[in-house]
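Enquirer: Sending over a structure as structure tokens; questions will come in a sec.
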Amino acid sequence: MAGGDTDGATGAFAAPLVRLTLFVAGLAVLAGLAALAGRASGIDVDDATAPGHETLSAPSSGVGNGLSDSSAGLRLALGPTNLSAGTPAQLRLQITDENGSAVTDLDETHDEPPLHLILVRRDLTGYQHLHPVRSGDGFRVELILPRAGIWRAYADFEIGGEKVVLGRDLVVPGRFTPQSLATPAHSATTAGYRVQITSGELRAGAEQTVSFDVRRGSQPVKLEPYLGAEGHLVAIREDDLAYLHVHPLESSAPGVAFDAEFAEPGRYALFLQFKHAGRVQTAPFTIEVTR
């Protein structure tokens, strides 16, 4: 009986121990599955398990792509946000920090203004590139939005050597019919100039050179400096209106070339701005960026 009692006691003790072991193992499996799920979703899960070391870090969300009015601890405030089609208006802008205090120490050079304001309707028509001037602890700019619709405003600036792009919508009430983005093409004409993209297929996720040949008639033109560069290139993705603004490579003549990295595949509207004969021209393109 004593042996039987001992065996029973051992069995009674072992059963909870087995259940505890299985419970701990189950937790480990769940933790592993959670980590895999987190990595699959693009969230890195720190493997450290000591108290105080559990961290979740979101992947880069494309700081500077204009999809939000806040990024890098900064926020864009602007107004008025409701404007009338074809009517001159004054837009006021301010960059604030996490505490709501105005940020005024934007990077500034002799050749470029501290703040670029890019405006485009959400169907990617009506492109404008403006330069607000300082006003108190913010900026102001005169503008006219010619047609009804929802317009995206991108505030593009640098601070501490880092580019930041913040975006907000402006509403122009009225009836409008959204236009479809043009078919992808590597050539465009504007004001008597013919502009050709001379680089090959563009792929997402890698830096590559986008080159342009600019001609008037059959003759290549010598581009004049525009804001300290031979040209400016803005790309906006059709699907989500993600924004990219790049400056040209040095000594890219004839024509003009840019190093650009398109984060995602899809259709993009490109707006190349260049200066010749004292006037700034804008050549629009639609391109397809492959995976």
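In the structure tokens, the first chain shown is A, the next is B, and so on; residue numbers restart at 1 for each chain, and ligands run from 1 in the order shown.
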Write out as a list in words each polymer residue whose atoms come within 6 Å of region 151-154 of chain A, counting only C-alpha atoms; drop sequence neighbours fewer than 4 positions from it.
Expert: Gly66, Leu117, Ile118, Leu119, Val120, Arg121, Arg122, Leu166, Gly167, Arg168, Asp169 and Leu170 of chain A
Enquirer: In terms of the shortest atom-to-atom distance over only C-alpha atoms, which of A:Arg216, A:Ala235, A:Thr183, A:Ala72 is closest to Glu162 (chain A)?
Expert: A:Ala72
Enquirer: Taking 3 positions as the minimum chain separation for residues in the same chain, which residues sit within 10 Å of region 188-203 of chain A when counting only C-alpha atoms? Answer as a PyMOL selection string.
Expert: chain A and resi 185+206-221+255-257+260-266+272+276+281-291
Enquirer: Can I get the selected residues back with C-alpha atoms, as a compact mmCIF listing (two decimals), in the first residue's frame?
Expert:
```txt
# COMPACT_ATOMS: atom_id res chain seq x y z
CA ALA A 185 4.49 58.10 -72.48
CA ALA A 206 16.18 51.17 -56.11
CA GLU A 207 17.83 54.48 -56.90
CA GLN A 208 18.11 55.07 -60.63
CA THR A 209 18.80 57.89 -63.05
CA VAL A 210 15.90 59.56 -64.88
CA SER A 211 17.22 61.57 -67.84
CA PHE A 212 15.47 64.15 -70.02
CA ASP A 213 16.33 65.65 -73.40
CA VAL A 214 14.89 69.13 -73.98
CA ARG A 215 14.61 70.55 -77.49
CA ARG A 216 13.02 73.51 -79.22
CA GLY A 217 12.34 72.50 -82.78
CA SER A 218 15.16 70.11 -83.60
CA GLN A 219 17.78 71.91 -81.51
CA PRO A 220 18.72 71.02 -77.92
CA VAL A 221 18.39 73.96 -75.55
CA GLY A 255 19.48 67.87 -71.07
CA VAL A 256 18.99 67.21 -67.39
CA ALA A 257 19.15 64.07 -65.24
CA ALA A 260 15.33 59.19 -57.94
CA GLU A 261 14.00 56.25 -55.96
CA PHE A 262 10.36 55.24 -56.41
CA ALA A 263 9.29 53.39 -53.25
CA GLU A 264 6.35 51.53 -54.78
CA PRO A 265 5.37 50.34 -58.26
CA GLY A 266 2.46 51.95 -60.08
CA LEU A 272 9.60 68.45 -64.90
CA HIS A 276 14.87 78.74 -70.80
CA GLN A 281 8.20 75.71 -68.23
CA THR A 282 6.45 72.62 -66.87
CA ALA A 283 6.44 69.36 -68.83
CA PRO A 284 3.97 66.73 -67.51
CA PHE A 285 4.45 62.98 -67.99
CA THR A 286 2.77 59.76 -66.96
CA ILE A 287 5.14 56.87 -66.30
CA GLU A 288 4.77 53.27 -65.20
CA VAL A 289 7.14 52.08 -62.46
CA THR A 290 7.47 48.30 -62.34
CA ARG A 291 8.27 46.06 -59.40
```
Enquirer: Just the number, please: distance in Å from CA of Lys222 (chain A) to CA of Ser187 (chain A), one decimal.
Expert: 18.4 Å
Enquirer: Skipping near chain neighbours, those fewer than 4 positions away, what residues fall within 9 Å of Pro114 (chain A) using only C-alpha atoms, listed as number ranges by chain?
Expert: A: 106-109, 131-134, 156-158
Enquirer: What is the distance, in Å and to one decimal place, between CA of Tyr243 (chain A) and CA of Val165 (chain A)?
Expert: 8.0 Å
Enquirer: Taking only C-alpha atoms into account, name the residue in A:His186, A:Arg147, A:His232, A:Lys163 that is nearest to Val280 (chain A).
Expert: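 Between A:His186, A:Arg147, A:His232, A:Lys163, the residue approaching Val280 (chain A) most closely is A:His232.
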Enquirer: Using only C-alpha atoms, which of A:Val246, A:Ile95, A:Ile150, A:Ala204 sits nearest Leu76 (chain A)?
Expert: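 Closest to Leu76 (chain A), using only C-alpha atoms: A:Ile95.
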Enquirer: A:Gln94, A:Leu74, A:Ser84, A:Glu224: which is nearest Asp137 (chain A), counting only C-alpha atoms?
Expert: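 Nearest candidate to Asp137 (chain A) out of A:Gln94, A:Leu74, A:Ser84, A:Glu224: A:Gln94.
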